[in-house]
$ cat upload.cif   # mmCIF, N, CA and C atoms and all ligand atoms
data_entry
loop_
_atom_site.label_atom_id
_atom_site.label_comp_id
_atom_site.auth_asym_id
_atom_site.auth_seq_id
_atom_site.Cartn_x
_atom_site.Cartn_y
_atom_site.Cartn_z
N MET A 23 70.15 -51.69 -75.35
CA MET A 23 71.48 -51.53 -74.72
C MET A 23 71.58 -50.13 -74.10
N LYS A 24 71.85 -50.10 -72.82
CA LYS A 24 71.90 -48.83 -72.10
C LYS A 24 73.33 -48.60 -71.59
N ILE A 25 73.95 -47.53 -72.05
CA ILE A 25 75.34 -47.25 -71.67
C ILE A 25 75.43 -45.81 -71.16
N ILE A 26 76.15 -45.64 -70.06
CA ILE A 26 76.37 -44.28 -69.55
C ILE A 26 77.86 -43.93 -69.63
N ILE A 27 78.12 -42.71 -70.05
CA ILE A 27 79.47 -42.15 -69.99
C ILE A 27 79.53 -41.28 -68.74
N ILE A 28 80.50 -41.58 -67.87
CA ILE A 28 80.67 -40.78 -66.65
C ILE A 28 82.02 -40.09 -66.73
N ASN A 29 82.00 -38.78 -66.73
CA ASN A 29 83.23 -37.99 -66.80
C ASN A 29 83.51 -37.28 -65.49
N GLY A 30 84.76 -37.30 -65.08
CA GLY A 30 85.16 -36.68 -63.83
C GLY A 30 85.62 -35.23 -63.97
N PRO A 31 86.37 -34.76 -62.98
CA PRO A 31 86.68 -33.34 -62.84
C PRO A 31 87.42 -32.73 -64.03
N ASN A 32 87.01 -31.52 -64.33
CA ASN A 32 87.61 -30.67 -65.36
C ASN A 32 87.28 -31.09 -66.78
N LEU A 33 86.59 -32.21 -66.93
CA LEU A 33 86.25 -32.64 -68.29
C LEU A 33 85.07 -31.82 -68.84
N ASN A 34 84.42 -31.05 -67.97
CA ASN A 34 83.43 -30.09 -68.46
C ASN A 34 84.10 -28.95 -69.23
N LEU A 35 85.42 -28.84 -69.11
CA LEU A 35 86.14 -27.76 -69.79
C LEU A 35 86.75 -28.21 -71.11
N LEU A 36 86.42 -29.43 -71.55
CA LEU A 36 86.98 -29.90 -72.83
C LEU A 36 86.62 -28.90 -73.93
N GLY A 37 87.61 -28.65 -74.78
CA GLY A 37 87.40 -27.63 -75.83
C GLY A 37 88.19 -26.38 -75.49
N LYS A 38 88.22 -26.09 -74.17
CA LYS A 38 88.94 -24.89 -73.70
C LYS A 38 90.21 -25.29 -72.99
N ARG A 39 90.18 -26.47 -72.35
CA ARG A 39 91.24 -26.87 -71.44
C ARG A 39 92.40 -27.53 -72.20
N GLU A 40 93.60 -27.00 -72.04
CA GLU A 40 94.81 -27.59 -72.65
C GLU A 40 94.51 -28.27 -74.00
N PRO A 41 94.10 -27.49 -75.00
CA PRO A 41 93.69 -28.12 -76.27
C PRO A 41 94.80 -28.94 -76.93
N GLU A 42 96.06 -28.62 -76.61
CA GLU A 42 97.17 -29.41 -77.19
C GLU A 42 97.18 -30.84 -76.65
N VAL A 43 96.57 -31.03 -75.47
CA VAL A 43 96.48 -32.38 -74.89
C VAL A 43 95.12 -33.02 -75.18
N TYR A 44 94.06 -32.22 -75.01
CA TYR A 44 92.70 -32.79 -75.02
C TYR A 44 91.88 -32.43 -76.26
N GLY A 45 92.47 -31.65 -77.19
CA GLY A 45 91.73 -31.28 -78.40
C GLY A 45 90.85 -30.06 -78.20
N SER A 46 90.19 -29.64 -79.27
CA SER A 46 89.44 -28.38 -79.18
C SER A 46 87.92 -28.58 -79.28
N GLU A 47 87.49 -29.83 -79.24
CA GLU A 47 86.05 -30.09 -79.33
C GLU A 47 85.42 -30.15 -77.93
N THR A 48 84.23 -29.59 -77.79
CA THR A 48 83.56 -29.71 -76.49
C THR A 48 82.99 -31.14 -76.39
N PHE A 49 82.78 -31.60 -75.15
CA PHE A 49 82.25 -32.96 -75.00
C PHE A 49 80.80 -33.02 -75.48
N GLU A 50 80.09 -31.92 -75.32
CA GLU A 50 78.68 -31.89 -75.73
C GLU A 50 78.58 -32.11 -77.25
N ASP A 51 79.47 -31.45 -78.02
CA ASP A 51 79.46 -31.63 -79.49
C ASP A 51 79.83 -33.06 -79.84
N TYR A 52 80.84 -33.57 -79.15
CA TYR A 52 81.28 -34.94 -79.42
C TYR A 52 80.17 -35.94 -79.05
N PHE A 53 79.49 -35.67 -77.94
CA PHE A 53 78.43 -36.58 -77.49
C PHE A 53 77.29 -36.65 -78.52
N SER A 54 76.97 -35.52 -79.16
CA SER A 54 75.93 -35.53 -80.21
C SER A 54 76.35 -36.45 -81.33
N LYS A 55 77.65 -36.42 -81.69
CA LYS A 55 78.14 -37.31 -82.75
C LYS A 55 78.01 -38.78 -82.33
N LEU A 56 78.32 -39.05 -81.05
CA LEU A 56 78.20 -40.43 -80.55
C LEU A 56 76.75 -40.90 -80.63
N GLN A 57 75.83 -40.02 -80.25
CA GLN A 57 74.40 -40.40 -80.29
C GLN A 57 73.97 -40.71 -81.71
N PHE A 58 74.52 -39.93 -82.66
CA PHE A 58 74.20 -40.13 -84.07
C PHE A 58 74.79 -41.47 -84.56
N LYS A 59 76.03 -41.71 -84.15
CA LYS A 59 76.73 -42.93 -84.60
C LYS A 59 76.11 -44.19 -83.99
N PHE A 60 75.78 -44.12 -82.70
CA PHE A 60 75.26 -45.31 -82.01
C PHE A 60 73.76 -45.16 -81.78
N LYS A 61 73.02 -45.12 -82.88
CA LYS A 61 71.57 -44.85 -82.80
C LYS A 61 70.81 -45.92 -82.02
N ASP A 62 71.34 -47.14 -82.07
CA ASP A 62 70.61 -48.23 -81.40
C ASP A 62 70.96 -48.35 -79.92
N VAL A 63 71.86 -47.49 -79.47
CA VAL A 63 72.29 -47.55 -78.06
C VAL A 63 71.62 -46.39 -77.31
N GLU A 64 71.10 -46.71 -76.15
CA GLU A 64 70.55 -45.66 -75.29
C GLU A 64 71.73 -45.07 -74.51
N LEU A 65 72.22 -43.92 -75.00
CA LEU A 65 73.44 -43.35 -74.43
C LEU A 65 73.10 -42.22 -73.48
N GLU A 66 73.75 -42.24 -72.34
CA GLU A 66 73.55 -41.18 -71.36
C GLU A 66 74.90 -40.56 -71.02
N TYR A 67 74.87 -39.32 -70.55
CA TYR A 67 76.13 -38.65 -70.22
C TYR A 67 75.99 -37.95 -68.87
N PHE A 68 76.99 -38.15 -68.01
CA PHE A 68 77.00 -37.48 -66.70
C PHE A 68 78.41 -36.97 -66.44
N GLN A 69 78.50 -35.74 -65.95
CA GLN A 69 79.83 -35.20 -65.58
C GLN A 69 79.71 -34.56 -64.22
N SER A 70 80.77 -34.77 -63.40
CA SER A 70 80.81 -34.06 -62.12
C SER A 70 82.26 -33.80 -61.74
N ASN A 71 82.43 -32.70 -61.02
CA ASN A 71 83.76 -32.37 -60.48
C ASN A 71 83.90 -32.91 -59.05
N ILE A 72 82.85 -33.59 -58.57
CA ILE A 72 82.79 -33.99 -57.16
C ILE A 72 82.90 -35.51 -57.04
N GLU A 73 83.89 -35.97 -56.30
CA GLU A 73 84.18 -37.40 -56.18
C GLU A 73 82.96 -38.23 -55.76
N GLY A 74 82.28 -37.77 -54.69
CA GLY A 74 81.13 -38.52 -54.16
C GLY A 74 79.99 -38.62 -55.17
N GLU A 75 79.82 -37.60 -55.99
CA GLU A 75 78.76 -37.66 -57.01
C GLU A 75 79.09 -38.71 -58.07
N LEU A 76 80.38 -38.85 -58.36
CA LEU A 76 80.80 -39.87 -59.34
C LEU A 76 80.54 -41.26 -58.76
N ILE A 77 80.86 -41.44 -57.47
CA ILE A 77 80.62 -42.72 -56.80
C ILE A 77 79.12 -43.03 -56.79
N SER A 78 78.31 -42.04 -56.44
CA SER A 78 76.85 -42.26 -56.41
C SER A 78 76.33 -42.65 -57.78
N LYS A 79 76.84 -42.03 -58.84
CA LYS A 79 76.36 -42.34 -60.20
C LYS A 79 76.77 -43.75 -60.60
N ILE A 80 77.97 -44.16 -60.20
CA ILE A 80 78.42 -45.54 -60.50
C ILE A 80 77.50 -46.53 -59.79
N GLN A 81 77.19 -46.24 -58.53
CA GLN A 81 76.29 -47.13 -57.75
C GLN A 81 74.89 -47.17 -58.36
N GLU A 82 74.40 -45.98 -58.75
CA GLU A 82 73.03 -45.84 -59.26
C GLU A 82 72.83 -46.61 -60.57
N THR A 83 73.87 -46.62 -61.41
CA THR A 83 73.71 -47.23 -62.75
C THR A 83 74.33 -48.63 -62.81
N GLY A 84 75.13 -48.96 -61.81
CA GLY A 84 75.98 -50.14 -61.89
C GLY A 84 75.31 -51.48 -61.67
N PHE A 85 73.97 -51.49 -61.47
CA PHE A 85 73.28 -52.77 -61.34
C PHE A 85 72.20 -52.93 -62.40
N SER A 86 72.01 -51.92 -63.24
CA SER A 86 70.93 -52.02 -64.23
C SER A 86 71.38 -51.67 -65.64
N TYR A 87 72.45 -50.90 -65.81
CA TYR A 87 72.90 -50.54 -67.15
C TYR A 87 73.75 -51.66 -67.74
N ASP A 88 73.90 -51.64 -69.07
CA ASP A 88 74.70 -52.67 -69.73
C ASP A 88 76.18 -52.32 -69.74
N GLY A 89 76.49 -51.04 -69.64
CA GLY A 89 77.89 -50.65 -69.64
C GLY A 89 78.11 -49.26 -69.06
N ILE A 90 79.27 -49.09 -68.46
CA ILE A 90 79.68 -47.78 -67.96
C ILE A 90 81.02 -47.46 -68.61
N VAL A 91 81.11 -46.28 -69.21
CA VAL A 91 82.37 -45.79 -69.77
C VAL A 91 82.82 -44.68 -68.82
N LEU A 92 83.91 -44.93 -68.13
CA LEU A 92 84.31 -44.02 -67.04
C LEU A 92 85.65 -43.36 -67.32
N ASN A 93 85.61 -42.02 -67.39
CA ASN A 93 86.86 -41.26 -67.36
C ASN A 93 86.84 -40.49 -66.05
N ALA A 94 87.49 -41.03 -65.04
CA ALA A 94 87.47 -40.39 -63.71
C ALA A 94 88.48 -39.24 -63.64
N ALA A 95 89.15 -38.97 -64.77
CA ALA A 95 90.09 -37.85 -64.86
C ALA A 95 91.10 -37.91 -63.72
N ALA A 96 91.34 -36.79 -63.04
CA ALA A 96 92.39 -36.76 -62.01
C ALA A 96 92.12 -37.74 -60.86
N TYR A 97 90.82 -38.03 -60.60
CA TYR A 97 90.51 -38.98 -59.52
C TYR A 97 91.01 -40.39 -59.81
N THR A 98 91.25 -40.67 -61.09
CA THR A 98 91.83 -41.97 -61.47
C THR A 98 93.06 -42.27 -60.63
N HIS A 99 93.85 -41.23 -60.42
CA HIS A 99 95.16 -41.40 -59.80
C HIS A 99 95.16 -41.25 -58.28
N THR A 100 93.97 -40.99 -57.71
CA THR A 100 93.92 -40.72 -56.27
C THR A 100 92.80 -41.45 -55.53
N SER A 101 91.75 -41.88 -56.25
CA SER A 101 90.53 -42.23 -55.53
C SER A 101 90.34 -43.74 -55.28
N VAL A 102 90.60 -44.13 -54.04
CA VAL A 102 90.29 -45.50 -53.61
C VAL A 102 88.77 -45.69 -53.66
N GLY A 103 88.04 -44.65 -53.33
CA GLY A 103 86.56 -44.72 -53.29
C GLY A 103 85.97 -45.03 -54.65
N ILE A 104 86.47 -44.40 -55.69
CA ILE A 104 85.94 -44.68 -57.04
C ILE A 104 86.36 -46.09 -57.47
N GLY A 105 87.59 -46.46 -57.16
CA GLY A 105 88.05 -47.82 -57.46
C GLY A 105 87.16 -48.85 -56.78
N ASP A 106 86.82 -48.61 -55.51
CA ASP A 106 85.95 -49.54 -54.78
C ASP A 106 84.55 -49.61 -55.39
N ALA A 107 84.05 -48.46 -55.83
CA ALA A 107 82.71 -48.43 -56.45
C ALA A 107 82.71 -49.26 -57.73
N VAL A 108 83.76 -49.14 -58.52
CA VAL A 108 83.87 -49.92 -59.77
C VAL A 108 83.90 -51.41 -59.44
N LYS A 109 84.59 -51.74 -58.37
CA LYS A 109 84.68 -53.14 -57.93
C LYS A 109 83.32 -53.65 -57.43
N ALA A 110 82.54 -52.75 -56.82
CA ALA A 110 81.29 -53.15 -56.16
C ALA A 110 80.14 -53.44 -57.12
N VAL A 111 80.15 -52.80 -58.29
CA VAL A 111 78.97 -52.92 -59.16
C VAL A 111 79.08 -54.12 -60.10
N GLU A 112 77.92 -54.45 -60.70
CA GLU A 112 77.88 -55.62 -61.61
C GLU A 112 78.11 -55.23 -63.06
N THR A 113 77.71 -54.02 -63.41
CA THR A 113 77.87 -53.54 -64.79
C THR A 113 79.35 -53.42 -65.14
N PRO A 114 79.77 -53.95 -66.29
CA PRO A 114 81.17 -53.79 -66.67
C PRO A 114 81.53 -52.32 -66.92
N VAL A 115 82.68 -51.94 -66.39
CA VAL A 115 83.16 -50.55 -66.51
C VAL A 115 84.39 -50.54 -67.40
N ILE A 116 84.37 -49.71 -68.43
CA ILE A 116 85.56 -49.50 -69.25
C ILE A 116 86.17 -48.17 -68.82
N GLU A 117 87.41 -48.23 -68.41
CA GLU A 117 88.14 -47.00 -68.03
C GLU A 117 88.68 -46.38 -69.30
N VAL A 118 88.41 -45.10 -69.49
CA VAL A 118 88.97 -44.43 -70.67
C VAL A 118 89.73 -43.17 -70.27
N HIS A 119 90.71 -42.85 -71.10
CA HIS A 119 91.42 -41.57 -71.00
C HIS A 119 91.64 -41.04 -72.41
N ILE A 120 91.54 -39.75 -72.51
CA ILE A 120 91.73 -39.09 -73.81
C ILE A 120 93.21 -39.14 -74.18
N SER A 121 94.04 -38.80 -73.23
CA SER A 121 95.49 -38.77 -73.46
C SER A 121 96.10 -40.13 -73.10
N ASN A 122 97.30 -40.36 -73.59
CA ASN A 122 98.06 -41.54 -73.16
C ASN A 122 98.76 -41.17 -71.86
N THR A 123 98.13 -41.54 -70.76
CA THR A 123 98.63 -41.12 -69.44
C THR A 123 100.03 -41.69 -69.16
N HIS A 124 100.40 -42.76 -69.84
CA HIS A 124 101.73 -43.36 -69.62
C HIS A 124 102.85 -42.56 -70.27
N GLN A 125 102.47 -41.65 -71.17
CA GLN A 125 103.48 -40.77 -71.77
C GLN A 125 103.63 -39.48 -70.98
N ARG A 126 102.86 -39.36 -69.91
CA ARG A 126 102.82 -38.10 -69.17
C ARG A 126 103.49 -38.24 -67.80
N GLU A 127 103.23 -37.31 -66.91
CA GLU A 127 103.91 -37.32 -65.61
C GLU A 127 103.72 -38.66 -64.90
N GLU A 128 104.70 -38.97 -64.07
CA GLU A 128 104.71 -40.25 -63.32
C GLU A 128 103.41 -40.47 -62.53
N PHE A 129 102.88 -39.41 -61.88
CA PHE A 129 101.70 -39.62 -61.04
C PHE A 129 100.48 -40.06 -61.85
N ARG A 130 100.51 -39.84 -63.17
CA ARG A 130 99.39 -40.27 -64.02
C ARG A 130 99.53 -41.72 -64.47
N HIS A 131 100.62 -42.37 -64.07
CA HIS A 131 100.82 -43.77 -64.48
C HIS A 131 100.06 -44.73 -63.58
N ILE A 132 99.64 -44.19 -62.42
CA ILE A 132 98.91 -45.03 -61.45
C ILE A 132 97.41 -44.85 -61.66
N SER A 133 96.69 -45.99 -61.66
CA SER A 133 95.23 -45.92 -61.71
C SER A 133 94.64 -46.78 -60.62
N TYR A 134 93.72 -46.17 -59.86
CA TYR A 134 93.00 -46.92 -58.82
C TYR A 134 91.78 -47.62 -59.40
N ILE A 135 91.60 -47.48 -60.73
CA ILE A 135 90.41 -48.03 -61.36
C ILE A 135 90.71 -49.26 -62.20
N SER A 136 91.89 -49.27 -62.81
CA SER A 136 92.22 -50.34 -63.79
C SER A 136 92.02 -51.74 -63.24
N ARG A 137 92.38 -51.96 -62.00
CA ARG A 137 92.31 -53.30 -61.40
C ARG A 137 90.89 -53.86 -61.43
N ALA A 138 89.92 -52.97 -61.26
CA ALA A 138 88.52 -53.43 -61.22
C ALA A 138 87.82 -53.25 -62.57
N ALA A 139 88.49 -52.58 -63.49
CA ALA A 139 87.83 -52.28 -64.78
C ALA A 139 87.80 -53.53 -65.66
N HIS A 140 86.79 -53.56 -66.52
CA HIS A 140 86.65 -54.65 -67.49
C HIS A 140 87.72 -54.50 -68.57
N GLY A 141 88.05 -53.26 -68.89
CA GLY A 141 89.08 -52.96 -69.88
C GLY A 141 89.50 -51.51 -69.75
N VAL A 142 90.60 -51.19 -70.41
CA VAL A 142 91.13 -49.81 -70.34
C VAL A 142 91.46 -49.37 -71.76
N ILE A 143 91.00 -48.18 -72.13
CA ILE A 143 91.31 -47.62 -73.45
C ILE A 143 91.84 -46.22 -73.25
N LEU A 144 93.03 -45.95 -73.75
CA LEU A 144 93.58 -44.61 -73.54
C LEU A 144 94.46 -44.18 -74.69
N GLY A 145 94.51 -42.86 -74.86
CA GLY A 145 95.47 -42.29 -75.80
C GLY A 145 94.94 -42.07 -77.20
N PHE A 146 93.65 -42.30 -77.44
CA PHE A 146 93.10 -42.14 -78.78
C PHE A 146 92.33 -40.83 -78.93
N GLY A 147 92.58 -39.88 -78.05
CA GLY A 147 91.78 -38.65 -78.08
C GLY A 147 90.35 -38.99 -77.70
N LEU A 148 89.40 -38.19 -78.17
CA LEU A 148 88.00 -38.46 -77.84
C LEU A 148 87.53 -39.80 -78.40
N LYS A 149 88.25 -40.27 -79.43
CA LYS A 149 87.91 -41.57 -80.02
C LYS A 149 87.98 -42.71 -79.00
N SER A 150 88.69 -42.50 -77.90
CA SER A 150 88.73 -43.52 -76.84
C SER A 150 87.31 -43.89 -76.39
N TYR A 151 86.40 -42.89 -76.36
CA TYR A 151 85.02 -43.15 -75.93
C TYR A 151 84.29 -44.02 -76.98
N ASP A 152 84.49 -43.67 -78.26
CA ASP A 152 83.92 -44.48 -79.36
C ASP A 152 84.29 -45.95 -79.21
N LEU A 153 85.60 -46.15 -79.00
CA LEU A 153 86.13 -47.51 -78.93
C LEU A 153 85.55 -48.25 -77.73
N ALA A 154 85.39 -47.53 -76.64
CA ALA A 154 84.82 -48.15 -75.43
C ALA A 154 83.38 -48.57 -75.68
N ILE A 155 82.60 -47.72 -76.32
CA ILE A 155 81.20 -48.08 -76.61
C ILE A 155 81.16 -49.28 -77.54
N GLU A 156 82.01 -49.24 -78.57
CA GLU A 156 82.05 -50.36 -79.52
C GLU A 156 82.38 -51.68 -78.82
N SER A 157 83.20 -51.60 -77.81
CA SER A 157 83.59 -52.84 -77.12
C SER A 157 82.39 -53.53 -76.47
N PHE A 158 81.35 -52.77 -76.18
CA PHE A 158 80.14 -53.38 -75.58
C PHE A 158 79.25 -54.03 -76.64
N LEU A 159 79.50 -53.70 -77.91
CA LEU A 159 78.58 -54.16 -78.95
C LEU A 159 78.98 -55.50 -79.53
N PHE A 160 80.11 -56.02 -79.14
CA PHE A 160 80.54 -57.34 -79.65
C PHE A 160 80.36 -58.43 -78.61
C1 LIG B 1 92.58 -37.76 -68.31
C2 LIG B 1 94.02 -37.94 -67.81
C3 LIG B 1 94.14 -37.53 -66.36
O1 LIG B 1 95.49 -37.70 -65.92
C4 LIG B 1 93.77 -36.08 -66.19
O2 LIG B 1 93.82 -35.71 -64.83
C5 LIG B 1 92.47 -35.73 -66.81
C6 LIG B 1 92.08 -36.35 -68.08
C7 LIG B 1 92.45 -38.06 -69.81
O3 LIG B 1 91.33 -38.26 -70.25
O4 LIG B 1 93.44 -38.07 -70.54
O5 LIG B 1 91.76 -34.86 -66.34
O6 LIG B 1 91.75 -38.68 -67.63
#
$ encode --input "upload.cif" --output "structure tokens"
Amino acid sequence: MKIIIINGPNLNLLGKREPEVYGSETFEDYFSKLQFKFKDVELEYFQSNIEGELISKIQETGFSYDGIVLNAAAYTHTSVGIGDAVKAVETPVIEVHISNTHQREEFRHISYISRAAHGVILGFGLKSYDLAIESFLF
């Protein structure tokens, strides 16, 4: 089972960025825990602050991997291009968010990804990623 986590802009700053919203753990530390927990899963991690790089990664993995866990971060609320890429690929994409975006500003209530996503998990902190990976195992 091959699963990739794709993180969008500013998620490279997890641990430092608004810890009251996103927690104080770095994604690298959390990713090591995921690798330990899901030993039988070939887990990969990619992060970019650049919209086109996220689209390219979705295209590159979206016909051969078993699952994509996508947190497009701020692009969730703006990017028709990422939404189209999710629609275009065959691999199921789970949209995740660390925070409950529906409890936050109005502009975060819109997602250009949900319509094409296989499922959406949000509001569980970093555990949202755990839950998304688990959803591929059943
Ligand atoms: C986020 C929510 C987005 O609104 C925000 O722009 C992010 C992170 C989340 O994981 O909660 O950068 O996707």
$ closest_residue --input "upload.cif" --among "A:Glu128, A:Ile143, A:Ala96, A:Pro114" --to "ligand LIG 1 (chain B)" --atoms "all atoms listed in the file"
A:Ala96
$ closest_residue --input "upload.cif" --among "A:Val108, A:Leu35, A:Val118, A:Ile155" --to "Asn93 of chain A" --atoms "only C-alpha atoms"
A:Val118
$ atom_distance --input "upload.cif" --atom1 "atom CA of Ile25 of chain A" --atom2 "atom CA of Glu82 of chain A"
12.7 Å
$ residues_around --input "upload.cif" --residues "Asn29 of chain A" --least-positions-apart "6" --cutoff "7 Å" --atoms "only N, CA and C atoms" --output "ChimeraX atom specification"
/A:67-71,91-95
$ residues_near_ligand --input "upload.cif" --ligand "ligand LIG 1 (chain B)" --cutoff "7 Å" --atoms "all atoms listed in the file" --output "list in words"
Gly30, Pro31, Asn32, Leu33, Tyr44, Asn93, Ala94, Ala95, Ala96, Tyr97, Thr98, His99, Val118, His119, Ile120, Ser121, Asn122, Thr123, Phe129, Arg130 and Gly145 of chain A
$ closest_residue --input "upload.cif" --among "A:Asp51, A:Asp106, A:Asp88, A:Glu156" --to "Glu64 of chain A" --atoms "only C-alpha atoms"
A:Asp88
$ atom_distance --input "upload.cif" --atom1 "atom CA of Ile132 of chain A" --atom2 "atom CA of Glu73 of chain A"
17.4 Å
$ residues_around --input "upload.cif" --residues "Ala154 of chain A" --least-positions-apart "3" --cutoff "8 Å" --atoms "all atoms listed in the file" --output "list in words"
Ile90, Val91, Ile116, Glu117, Val118, Val142, Ile143, Lys149, Ser150, Tyr151, Ser157, Phe158 and Leu159 of chain A
